[in-house]
Structure formats: C-alpha cells, structure tokens
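Asker: Structure provided below as structure tokens; questions to follow.
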Amino acid sequence: MSEKIVKDYQIISVNQLVKAVREGRSNSERFCFIIGSGASVSSGIPTGAGLEAQWMKEMEESPGLDEIGEVAKTLEEHLEYKFEEIREAWEETKKSGTPLPSDYYFDLYKLRFFPNHRNGYHYLEKTMANRNPGFGYHPLALMLTDGSGSNLVITTNFDSLIEDALFFYTNDKPLVINHELLAEYAGDPNIKRPVIAKVHRGIFFDPLNQPEETNGLKGIWRDVLASVFQSYTPIVIGYGGGDNSLMNFLEDSELKMKNGIYWCYLEKYGLPSEKIQRLIKDKNGYLVRTAGFDATMLAFGNALFPDKIGVHEAEEYLNRRTSEQIANYEKEYKRLTEQEHLDTEKDAAGPINESENEFKQEIEKMMERTAATEKERKERNRMTAWDYNREGDRCYSLKQYKEAVENYTRAIQLQANNSIFYNNRGCSYDNLGEYDKAISDYNKAIELDPFNSTAYYNRGYTYNNLKEYEKAISDYGRAIELDPENSTIYNNRGCVYVALGEYDKAILDYDRAIELDPNNADAYGNRGGLYDDLGDCDKAIGDYSRSIELNPNNADTYVNRGYVYDQLKKYNEAISDYCRAIELDPDNAVAYNNRGGIYIVLGRTDEAISDLNKAIELKAEVANPYKHLGNIYKEQGDYTKSIEFLSKAIELDLKYKEAYLLRAEVYRLLGETEKAEADEEMAKKL
C-alpha cells in the first residue's frame, strides 16, 4: 500500500465528484475522460494488471521464468525494469493477491511475445474480440452526447468499447482518432460529436505496446493535449499510469491544467502509487475513492440521466433501436421483392438488360430462402415475432383483416414492447371498423415510441373516420412535425380541413403535398374536388386531369371530372368519363347514376332507365337514382310509378328537397292538392 502524500481534503468521494461535475456543467465547464484498462473489466477484457499476471503464469509454465530471465538480460537495454524485480513482485502477488504494478506491463509484453511481437498483437485482438461494453459505458455514452460540451475521451486502450456503447445507446457517431497523425482533431473545439482519442493507437492501427514505443507521446499529441487541458477538466478512470507516454506527459511540471484533475482509484487496493499522488498534489487535483468504473458511472447516471439508466429503460431503448433497424430491413426487403414483380412486368413488355436480370435472380434466391426458413420455423412452431408480423402483413395486403389481427397479436405476445406491431394491428382494426381497438393500439404504439410518425398519422386517419376532426388535425400535425417531408400526411390533413369548412387551410395543405410530391395523384384529385365545391370548374378539371395522368386507373377521378363536365353542359366529355369509370369499375353505382342523369337531359330515355336501374341494383340505399326514375315516369305520364320512385327517394333521404317538389308536381297532376301542398310546405323547410 502506498504512503499518503496528498492532503486529506484532496481525497474525495464519488458523490462529491458527481456534485462538482453537475454544478460545473451548469456553469459551462467542460470535462473530458481519461480512460484506462480498468474500465474494461466488466466487459470481459482484463486490466493491464490482469494481463501481467496472465503473462507471468504463461511464461512460468513455458519456457519457465529462469529462461525468461536469460532473455531479459539480452534485452536489458530495451526494458524499463530489471526482471528480478518483476519476479520478486510476482512472488509477492501470488502470496498477497495484490496486483502487479502497472509499470511492468510493457516490459512483460516484450518478454512474453519475444521474439515475434506480432503474436502479441494477435493475442490482444483475440482478447478483445466479441466483447460488449459493460454497464458503465452506458452513462458514459450519454455524457458524451448530451450537448454539454463534455464530448472527449482520451484513452490508452485499444478496444472499441466506447465506440460500441455510443452505437448501442445513442444515435451519435464518434470521431475516433486511431493514430497520432489525426491528433489535431482531438483539440478542435468546433467538433460537437463525441471524440475518442487513442494515444496508443487503435487495435487495427499497429498499436503501441512496447517500452521503446511508449516512452513518450507520438507526433503532436503533447501539443494537442496541452491545449485540451486548458479547455477541459480531466477525469481519470481505470488508468494506472503504468506507461511512460501519457503518464510522463501528465507529470510534466510545465503542463497546466486550468481546473485541476480528478483521479479515480479503487479504494479496496488502497491509495494509488506515489507518483500519481505527487501528480495530484502538483496539479491541485483530487483523488476520488471509488468501487470501480461501473460504480462511478452509475453515480453519474443516477444524477444526470435518472430517466434513462436502468434495465427497463435500457431494454426499451435497445428494443426500439432493434425494432427500427429490423423494420427498415423489412421495408427494404419489401421494396426489393416488389421490384422483382415490377421487373417481371417489364419482362412481359420487353427485354431487360443483363445486370437487371442478374439482380432479379438474386432477389428470387433470397425470396425462396426466406420462404423456406419461415416454413421450417412454422412447422417447428418456432416462429419469431417478426415472422408473425410478416404473416400479418401478407393477410393485410389480401384484406384478410381478422387473420392479420391474429398474427399481429401473436407478434405482440412474443415482443410486447414493439411499437410497430401495435401500429400494424391498429390498421387492421381500423379496416374492420373496430375503431376503439384501433385507437387503443395506436395509443400503445405512441407510448412505446413517441417518435413514431406513422402511428400518429394512422390515429389521425381513424379520428377522421370517427368525425373527430380536431383530434385528427392534432395527430396529423404531430406526424408532420416528425416527418415534415411526407406528402401523404399533408394531403390527408387537407381532407380534414375540408370537412371542417376551413378551405384556405385545405388548399395550402394540398399545395404543400403536391410541392413535396408532384406525382401525388390523390392530392391533385382532392384539390380538384375542393375547387369543384368552390365553383372553380376550370381549376377542378385541371387538377382532375393531372390526377388521371398520374393514375389513369382510378374510376372515382373520372366520375368526379365527369360531374364537372356535366355542370358545364359538356355532356359528351362527361359521358366519356363515366363510361371510362364503368370500364375500370363495373360496380361503380355513382357512374351509372350520373350517366343516367345526362341521358335524361339528352332524351335518351331507355339508356337512362337502364343506367338508373343498374345504379339501384348496385347501391339500393342511395336516393338519387330513384328521384331520376321518378322524373322519367312523370314525363312519360306513368304517375303511379313516378310517385312510387319519388317516395322511395324521400324515404331514403328525408331532406331531399328536389324529390318533394317533383312529387308535389305529380300529386297536382293527379289532382291530389292536399298532398301536393304538404310536399311543397316540406320543401320550403329544407
């Protein structure tokens, strides 16, 4: 155990460190971290002392410490310490259990891997392979990315645990300085993203691991770090100061640290070495007694990020990140498989080039393999949540909404915290008309992922179906905040504004939808409908025509343009549009009804009767064709039939003013004055 050199007040607790950092951050003080191998223990990577002990055991077994001693004599000028000193310390370690001093690390590396030191590189690479960041790296990643300016880590480690933690727990990509030639970037105050400065290089950049390589900092590291410590207050964690590069630099009397230095040490092993204590004393710093890296970072996490630190919080975040990644993968898979179908259509139309054909073949292989593995999992009753989600998507595309609900439910049972599954089931419930269940699922999807723009959009769509227009507007607004370049959301919100009679806002939304996507046929069609309602027939026809250019197979757009032509008495154009609509959709009752109405005007009575009867056959609950037929039979003098059809029209629509007036005319022709007056009186009220 080292003798105490520092003053009592220079030894503080982790809680005091956390308080100092929290208050310093609020006053714009920037902190950086100096991380050593002690931070990697919980991640399964041995400390420097752990590796020292491991190497001593290996050398003890083969070729034996006596032979290693002979090798050490030949390398004496390249070693920092006498091997006999190291050997004595090793015997003490075996007796007491205290770790070997970190100072011996580089000498032992040189001896253990003599004569081929490349084997040492591969040894370390294997030691660090497949290691994941331990608990403490989670709070560290959050501190590096919270925008406080404390975004720098200086490390003697070769591993990638800090980079991996940033990938796992944040959306920020770090600048990793793996070589001294890039050192200047560590001191750039304009870099906002996390910076990881590896002063001994990264594991894949010929790391510095021998005594002669670590006698001093390479390149311009000294100048860069000297500048850094004028802006940042360093916090040292897991670093034993065993090298002669970074440690010698920190000890340099000319190195000024604006706000001192905090050095964390493991209290169970006693005070750190005397040279570390002297450094703390000289730099007006503080020793921080800790229970280790994870314990220290937990204290930071509890103080700075209480809503993000914990098993449940980490699970939710990681599940969401994983789900998003899988969802993006699924989306790309669908796009590729849909492309395969498009290529098939292209094949039918004409030849495709060789590379496209090869691409198509690769997609087909993937689809076959995917189908085979899914089938195998299904047969073995080992389907995953995403398997059930895909099956739900297939059912949904086939409009088998009940089956889709069943599959999405199974997916949720296997992965209850997945926002996407709830959103998808909500869509299925919406199509089944079970709006309460749909809203409930969208609520859950948003609770699990408040940034799920699709869930807001879908909930807005359902609120629109329920005529809860203000709620729909609110949800569409939030969806636009999250996905401001989505043309479809603007288009749908425009429709809600129309329902609310806020036509100016509706026009603005339709305009924005078209600006974002000039090929949005629905937006043109909806804007055309609004222009029609506002009496601007020319603009309505222009928008309907553009919508038809973009989507020539939408029967309703032909019906709508036909109606405008009808208003303009361009009957031939109107009939042409209605005929095209019927060709595309033989069950389109509105097209038959409207064409029948024009046939009445043109005196083509038999064709009119045929169309109107067809409209009634297809949609018997609509009043308009009954009114038209009532009018025809009135003109033909068949008053009984006329009354029958007009009465049916009124039965279906009690506020149908034209039907009341027509029936009043027929009653007068029949001499039934009281009934005629009653219908006329009713029409006046409407």
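A note on labels: chains of the structure tokens are A, B, ... as shown, every chain counts residues from 1, and ligands are counted from 1 in their shown order.
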Within 10 Å of stretch 168-187 of chain A, which residues of stretch 42-151 of chain A show up? Give each one with its shortest atom-to-atom distance in Å (one decimal) and the two atoms involved, counting only C-alpha atoms, rows by chain then rising residue number, as CSV.
Answerer:
```
residue,atom,partner,partner_atom,distance
A:Asn132,CA,A:Phe168,CA,9.7
A:Pro133,CA,A:Phe168,CA,9.0
A:Tyr137,CA,A:Tyr169,CA,9.1
A:His138,CA,A:Tyr169,CA,6.5
A:Pro139,CA,A:Tyr169,CA,9.1
A:Leu140,CA,A:Tyr169,CA,9.9
A:Ala141,CA,A:Tyr169,CA,6.9
A:Leu142,CA,A:Thr170,CA,7.1
A:Leu144,CA,A:Asp172,CA,9.3
A:Thr145,CA,A:Asp172,CA,6.9
A:Asp146,CA,A:Thr170,CA,9.7
A:Asn151,CA,A:Pro174,CA,9.3
```
Asker: Can you tell me which residues surround A:Ile507 at a distance of at most 10 Å, considering only C-alpha atoms, apart from same-chain residues fewer than 4 positions away, and format the answer as a PyMOL selection string?
Answerer: chain A and resi 491+494-495+497-498+502-503+511-513+523+526-528+530-531
Asker: Apply DSSP to the backbone of this structure and, from stretch 189-320 of chain A, keep only the residues in helix (DSSP H, G or I); write these as a PyMOL selection string.
Answerer: chain A and resi 211-213+221-231+246-251+267-269+274-282+293-304+311-320
Asker: Using only N, CA and C atoms, please write the residues we just selected to a file, as a compact mmCIF listing (two decimals), in the first residue's frame.
Answerer:
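Ended up saving to out.txt:
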```txt
# COMPACT_ATOMS: atom_id res chain seq x y z
N PRO A 211 8.04 -1.04 -24.69
CA PRO A 211 8.63 0.04 -23.90
C PRO A 211 9.17 1.19 -24.75
N GLU A 212 9.92 0.85 -25.80
CA GLU A 212 10.51 1.91 -26.61
C GLU A 212 9.46 2.72 -27.37
N GLU A 213 8.26 2.14 -27.54
CA GLU A 213 7.19 2.84 -28.26
C GLU A 213 6.38 3.74 -27.34
N TRP A 221 0.76 14.82 -30.17
CA TRP A 221 -0.15 14.59 -29.05
C TRP A 221 0.13 15.54 -27.88
N ARG A 222 1.40 15.80 -27.57
CA ARG A 222 1.72 16.67 -26.43
C ARG A 222 1.09 18.04 -26.61
N ASP A 223 1.27 18.64 -27.78
CA ASP A 223 0.75 19.99 -28.01
C ASP A 223 -0.78 19.99 -27.98
N VAL A 224 -1.36 18.96 -28.58
CA VAL A 224 -2.82 18.89 -28.64
C VAL A 224 -3.41 18.74 -27.24
N LEU A 225 -2.86 17.80 -26.44
CA LEU A 225 -3.41 17.56 -25.11
C LEU A 225 -3.14 18.73 -24.18
N ALA A 226 -2.02 19.41 -24.35
CA ALA A 226 -1.75 20.60 -23.54
C ALA A 226 -2.82 21.65 -23.77
N SER A 227 -3.24 21.78 -25.01
CA SER A 227 -4.32 22.71 -25.34
C SER A 227 -5.66 22.22 -24.80
N VAL A 228 -5.89 20.92 -24.90
CA VAL A 228 -7.15 20.33 -24.41
C VAL A 228 -7.36 20.63 -22.94
N PHE A 229 -6.28 20.50 -22.13
CA PHE A 229 -6.44 20.65 -20.69
C PHE A 229 -6.60 22.11 -20.27
N GLN A 230 -6.53 23.02 -21.23
CA GLN A 230 -6.89 24.41 -20.96
C GLN A 230 -8.40 24.62 -21.11
N SER A 231 -9.04 23.70 -21.81
CA SER A 231 -10.49 23.82 -22.05
C SER A 231 -11.30 22.80 -21.27
N LEU A 246 1.74 8.82 -21.80
CA LEU A 246 0.72 9.71 -21.25
C LEU A 246 1.06 10.12 -19.82
N MET A 247 1.56 9.16 -19.03
CA MET A 247 1.84 9.47 -17.62
C MET A 247 2.95 10.50 -17.49
N ASN A 248 4.02 10.33 -18.25
CA ASN A 248 5.11 11.31 -18.21
C ASN A 248 4.62 12.70 -18.60
N PHE A 249 3.73 12.72 -19.59
CA PHE A 249 3.17 14.00 -20.03
C PHE A 249 2.35 14.65 -18.92
N LEU A 250 1.51 13.85 -18.25
CA LEU A 250 0.68 14.39 -17.17
C LEU A 250 1.52 14.91 -16.01
N GLU A 251 2.67 14.24 -15.78
CA GLU A 251 3.54 14.63 -14.67
C GLU A 251 4.37 15.88 -14.98
N GLU A 267 -10.63 1.95 -4.09
CA GLU A 267 -10.33 2.12 -2.67
C GLU A 267 -9.87 0.81 -2.02
N LYS A 268 -10.41 -0.35 -2.51
CA LYS A 268 -10.08 -1.62 -1.85
C LYS A 268 -8.60 -1.97 -1.97
N TYR A 269 -7.88 -1.39 -2.92
CA TYR A 269 -6.45 -1.63 -3.07
C TYR A 269 -5.61 -0.54 -2.41
N GLU A 274 2.69 6.43 -5.48
CA GLU A 274 3.17 7.73 -5.02
C GLU A 274 3.30 8.73 -6.17
N LYS A 275 3.67 8.22 -7.35
CA LYS A 275 3.81 9.17 -8.47
C LYS A 275 2.47 9.77 -8.87
N ILE A 276 1.37 8.99 -8.75
CA ILE A 276 0.04 9.52 -9.03
C ILE A 276 -0.34 10.54 -7.97
N GLN A 277 -0.02 10.23 -6.71
CA GLN A 277 -0.32 11.18 -5.64
C GLN A 277 0.45 12.49 -5.83
N ARG A 278 1.72 12.39 -6.23
CA ARG A 278 2.52 13.60 -6.46
C ARG A 278 1.92 14.43 -7.59
N LEU A 279 1.44 13.72 -8.62
CA LEU A 279 0.81 14.43 -9.74
C LEU A 279 -0.41 15.21 -9.25
N ILE A 280 -1.24 14.57 -8.43
CA ILE A 280 -2.44 15.21 -7.91
C ILE A 280 -2.07 16.43 -7.07
N LYS A 281 -1.04 16.27 -6.26
CA LYS A 281 -0.61 17.37 -5.40
C LYS A 281 -0.09 18.53 -6.24
N ASP A 282 0.73 18.21 -7.26
CA ASP A 282 1.33 19.26 -8.10
C ASP A 282 0.29 19.98 -8.95
N PHE A 293 -15.09 1.39 -12.01
CA PHE A 293 -15.62 2.17 -13.14
C PHE A 293 -17.14 2.14 -13.19
N ASP A 294 -17.74 0.96 -13.12
CA ASP A 294 -19.19 0.85 -13.23
C ASP A 294 -19.88 1.59 -12.10
N ALA A 295 -19.34 1.46 -10.87
CA ALA A 295 -19.96 2.14 -9.73
C ALA A 295 -19.89 3.65 -9.89
N THR A 296 -18.77 4.14 -10.40
CA THR A 296 -18.60 5.58 -10.60
C THR A 296 -19.57 6.10 -11.65
N MET A 297 -19.65 5.37 -12.76
CA MET A 297 -20.54 5.82 -13.84
C MET A 297 -22.01 5.68 -13.46
N LEU A 298 -22.33 4.71 -12.60
CA LEU A 298 -23.71 4.59 -12.11
C LEU A 298 -24.10 5.85 -11.34
N ALA A 299 -23.18 6.35 -10.52
CA ALA A 299 -23.46 7.57 -9.76
C ALA A 299 -23.72 8.75 -10.71
N PHE A 300 -22.91 8.84 -11.77
CA PHE A 300 -23.14 9.88 -12.77
C PHE A 300 -24.51 9.69 -13.45
N GLY A 301 -24.81 8.45 -13.80
CA GLY A 301 -26.07 8.17 -14.48
C GLY A 301 -27.26 8.52 -13.63
N ASN A 302 -27.23 8.16 -12.34
CA ASN A 302 -28.35 8.46 -11.44
C ASN A 302 -28.55 9.96 -11.28
N ALA A 303 -27.44 10.70 -11.27
CA ALA A 303 -27.52 12.15 -11.06
C ALA A 303 -27.93 12.91 -12.32
N LEU A 304 -27.44 12.46 -13.46
CA LEU A 304 -27.63 13.23 -14.70
C LEU A 304 -28.72 12.68 -15.62
N VAL A 311 -32.33 -1.20 -16.12
CA VAL A 311 -32.54 -2.35 -17.00
C VAL A 311 -33.73 -2.12 -17.91
N HIS A 312 -34.85 -1.68 -17.33
CA HIS A 312 -36.06 -1.48 -18.14
C HIS A 312 -35.85 -0.39 -19.18
N GLU A 313 -35.23 0.74 -18.74
CA GLU A 313 -35.00 1.85 -19.66
C GLU A 313 -34.08 1.44 -20.81
N ALA A 314 -33.01 0.72 -20.45
CA ALA A 314 -32.08 0.26 -21.50
C ALA A 314 -32.76 -0.74 -22.42
N GLU A 315 -33.57 -1.63 -21.83
CA GLU A 315 -34.27 -2.62 -22.64
C GLU A 315 -35.21 -1.95 -23.63
N GLU A 316 -35.96 -0.95 -23.14
CA GLU A 316 -36.89 -0.26 -24.02
C GLU A 316 -36.16 0.44 -25.16
N TYR A 317 -35.06 1.12 -24.81
CA TYR A 317 -34.31 1.83 -25.83
C TYR A 317 -33.70 0.87 -26.85
N LEU A 318 -33.07 -0.19 -26.36
CA LEU A 318 -32.42 -1.14 -27.27
C LEU A 318 -33.45 -1.89 -28.11
N ASN A 319 -34.59 -2.24 -27.50
CA ASN A 319 -35.66 -2.90 -28.27
C ASN A 319 -36.16 -1.99 -29.37
N ARG A 320 -36.32 -0.70 -29.02
CA ARG A 320 -36.80 0.25 -30.02
C ARG A 320 -35.79 0.40 -31.16
```
Asker: Near A:Ile261, within 7 Å and counting only C-alpha atoms, which residues show up once chain neighbours fewer than 4 positions away are dropped, as a ChimeraX atom specification?
Answerer: /A:233-235,283,285-286
Asker: Output C-alpha atoms of each residue in that selection to a file, as a compact mmCIF listing (two decimals), in the first residue's frame.
Answerer:
```txt
# COMPACT_ATOMS: atom_id res chain seq x y z
CA THR A 233 -11.12 19.33 -16.79
CA PRO A 234 -9.84 15.72 -16.94
CA ILE A 235 -11.45 12.87 -15.00
CA LYS A 283 -1.76 19.86 -10.28
CA GLY A 285 -6.24 17.90 -8.20
CA TYR A 286 -8.23 15.36 -6.25
```
Asker: With distances taken over only C-alpha atoms, which residue among A:Ala49, A:Leu661, A:Leu166, A:Ala371 lies nearest A:Arg193?
Answerer: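 Ranked by minimum distance to A:Arg193, first place goes to A:Leu166.
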Asker: When you look at A:Glu468 with a cut-off of 12 Å (counting only C-alpha atoms), what residues show up, excluding the ones that are within fewer than 3 positions of it in the same chain? I need them as a CSV table (one decimal) with N, CA, C and O atoms, in the first residue's frame.
Answerer:
```
chain,number,residue,atom,x,y,z
A,435,TYR,N,-63.0,0.8,-34.3
A,435,TYR,CA,-62.2,2.0,-34.2
A,435,TYR,C,-61.7,2.2,-32.7
A,435,TYR,O,-60.6,2.7,-32.6
A,459,ARG,N,-53.6,7.1,-36.4
A,459,ARG,CA,-54.6,7.5,-35.4
A,459,ARG,C,-55.4,8.7,-35.9
A,459,ARG,O,-56.6,8.8,-35.7
A,460,GLY,N,-54.7,9.6,-36.6
A,460,GLY,CA,-55.4,10.8,-37.2
A,460,GLY,C,-56.4,10.3,-38.2
A,460,GLY,O,-57.5,10.8,-38.3
A,461,TYR,N,-56.0,9.3,-39.0
A,461,TYR,CA,-56.9,8.8,-40.0
A,461,TYR,C,-58.2,8.2,-39.4
A,461,TYR,O,-59.3,8.3,-39.9
A,462,THR,N,-58.0,7.4,-38.3
A,462,THR,CA,-59.1,6.8,-37.6
A,462,THR,C,-60.0,7.9,-36.9
A,462,THR,O,-61.2,7.8,-37.0
A,463,TYR,N,-59.4,8.9,-36.3
A,463,TYR,CA,-60.2,10.0,-35.8
A,463,TYR,C,-61.0,10.7,-36.9
A,463,TYR,O,-62.2,11.1,-36.7
A,464,ASN,N,-60.5,10.8,-38.1
A,464,ASN,CA,-61.2,11.3,-39.2
A,464,ASN,C,-62.4,10.5,-39.5
A,464,ASN,O,-63.5,11.0,-39.8
A,465,ASN,N,-62.2,9.1,-39.5
A,465,ASN,CA,-63.3,8.2,-39.8
A,465,ASN,C,-64.4,8.4,-38.7
A,465,ASN,O,-65.6,8.2,-39.0
A,471,LYS,N,-59.2,16.2,-33.2
A,471,LYS,CA,-58.2,15.2,-32.8
A,471,LYS,C,-57.4,14.8,-34.0
A,471,LYS,O,-56.2,14.6,-34.0
A,472,ALA,N,-58.1,14.6,-35.2
A,472,ALA,CA,-57.4,14.2,-36.4
A,472,ALA,C,-56.4,15.3,-36.8
A,472,ALA,O,-55.2,14.9,-37.1
A,473,ILE,N,-56.8,16.5,-36.7
A,473,ILE,CA,-55.8,17.6,-37.1
A,473,ILE,C,-54.6,17.6,-36.2
A,473,ILE,O,-53.5,17.8,-36.6
A,474,SER,N,-54.9,17.4,-34.9
A,474,SER,CA,-53.8,17.4,-33.9
A,474,SER,C,-52.8,16.3,-34.2
A,474,SER,O,-51.5,16.5,-34.2
A,475,ASP,N,-53.3,15.1,-34.5
A,475,ASP,CA,-52.4,14.0,-34.8
A,475,ASP,C,-51.6,14.1,-36.1
A,475,ASP,O,-50.5,13.8,-36.2
A,496,VAL,N,-59.3,16.8,-43.9
A,496,VAL,CA,-60.0,17.1,-42.7
A,496,VAL,C,-60.4,18.6,-42.6
A,496,VAL,O,-61.5,18.9,-42.2
A,497,TYR,N,-59.5,19.4,-43.1
A,497,TYR,CA,-59.8,20.9,-43.2
A,497,TYR,C,-61.0,21.1,-44.0
A,497,TYR,O,-61.9,22.0,-43.7
A,499,ALA,N,-63.5,19.0,-44.4
A,499,ALA,CA,-64.7,18.6,-43.5
A,499,ALA,C,-65.0,19.7,-42.5
A,499,ALA,O,-66.2,19.8,-42.1
A,500,LEU,N,-64.0,20.4,-42.1
A,500,LEU,CA,-64.3,21.5,-41.1
A,500,LEU,C,-64.7,22.8,-41.7
A,500,LEU,O,-64.9,23.8,-41.0
```
Asker: Sort by chain and increasing residue number a table of all residues of stretch 218-289 of chain A within 8 Å of stretch 103-107 of chain A, each with its closest pair of atoms and their distance in Å to one decimal, counting only C-alpha atoms, and write it as CSV.
Answerer:
```
residue,atom,partner,partner_atom,distance
A:Gly241,CA,A:Asp103,CA,7.3
A:Gly242,CA,A:Asp103,CA,3.9
A:Asp243,CA,A:Asp103,CA,6.3
```
Asker: Quick one: residues within 7 Å of A:Ile420, only C-alpha atoms, excluding same-chain residues fewer than 3 positions away - as a count of residues only?
Answerer: 3
Asker: Quick one: residues within 12 Å of A:Arg663, only C-alpha atoms counted, chain neighbours fewer than 2 positions away excluded, as an MDAnalysis selection string?
Answerer: chainID A and resid 626:631 633:634 639:650 656:661 665:670 672:673 675:680 682:683
Asker: Applying 9 Å and only C-alpha atoms, which residues near A:Glu29 remain after dropping the ones on its own chain fewer than 3 positions away? List them as a PyMOL selection string.
Answerer: chain A and resi 21+23-26+148-150+231-233
Asker: Atom CA of A:Asn417 to atom CA of A:Arg321: how many Å, to one decimal?
Answerer: 11.5 Å
Asker: So what do you get for atom CA of A:Lys614 versus atom CA of A:Pro552, distance-wise?
Answerer: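 So the answer is 24.2 Å.
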Asker: Enumerate as a short mmCIF file (atom, residue, chain, number, x, y, z; two decimals) with N, CA, C and O atoms, in the first residue's frame all residues of stretch 23-69 of chain A assigned to strand (DSSP E or B) by DSSP on the backbone, naming them with the chain letters and numbers the document uses.
Answerer:
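Writing the result to selection_31.cif gives the following:
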```cif
data_model
loop_
_atom_site.label_atom_id
_atom_site.label_comp_id
_atom_site.auth_asym_id
_atom_site.auth_seq_id
_atom_site.Cartn_x
_atom_site.Cartn_y
_atom_site.Cartn_z
N ARG A 30 -16.29 22.33 -19.13
CA ARG A 30 -16.23 21.13 -19.96
C ARG A 30 -15.30 20.10 -19.31
O ARG A 30 -14.23 20.46 -18.80
N PHE A 31 -15.73 18.85 -19.33
CA PHE A 31 -14.94 17.76 -18.75
C PHE A 31 -14.55 16.78 -19.85
O PHE A 31 -15.30 16.58 -20.81
N CYS A 32 -13.39 16.16 -19.69
CA CYS A 32 -13.01 15.06 -20.56
C CYS A 32 -12.65 13.87 -19.68
O CYS A 32 -12.40 14.03 -18.48
N PHE A 33 -12.65 12.71 -20.27
CA PHE A 33 -12.36 11.49 -19.53
C PHE A 33 -11.06 10.87 -20.02
O PHE A 33 -10.83 10.78 -21.24
N ILE A 34 -10.22 10.47 -19.08
CA ILE A 34 -9.03 9.68 -19.41
C ILE A 34 -9.33 8.26 -18.94
O ILE A 34 -9.47 8.02 -17.73
N ILE A 35 -9.49 7.36 -19.89
CA ILE A 35 -9.94 6.00 -19.59
C ILE A 35 -8.80 5.01 -19.79
O ILE A 35 -8.13 5.01 -20.82
#
```
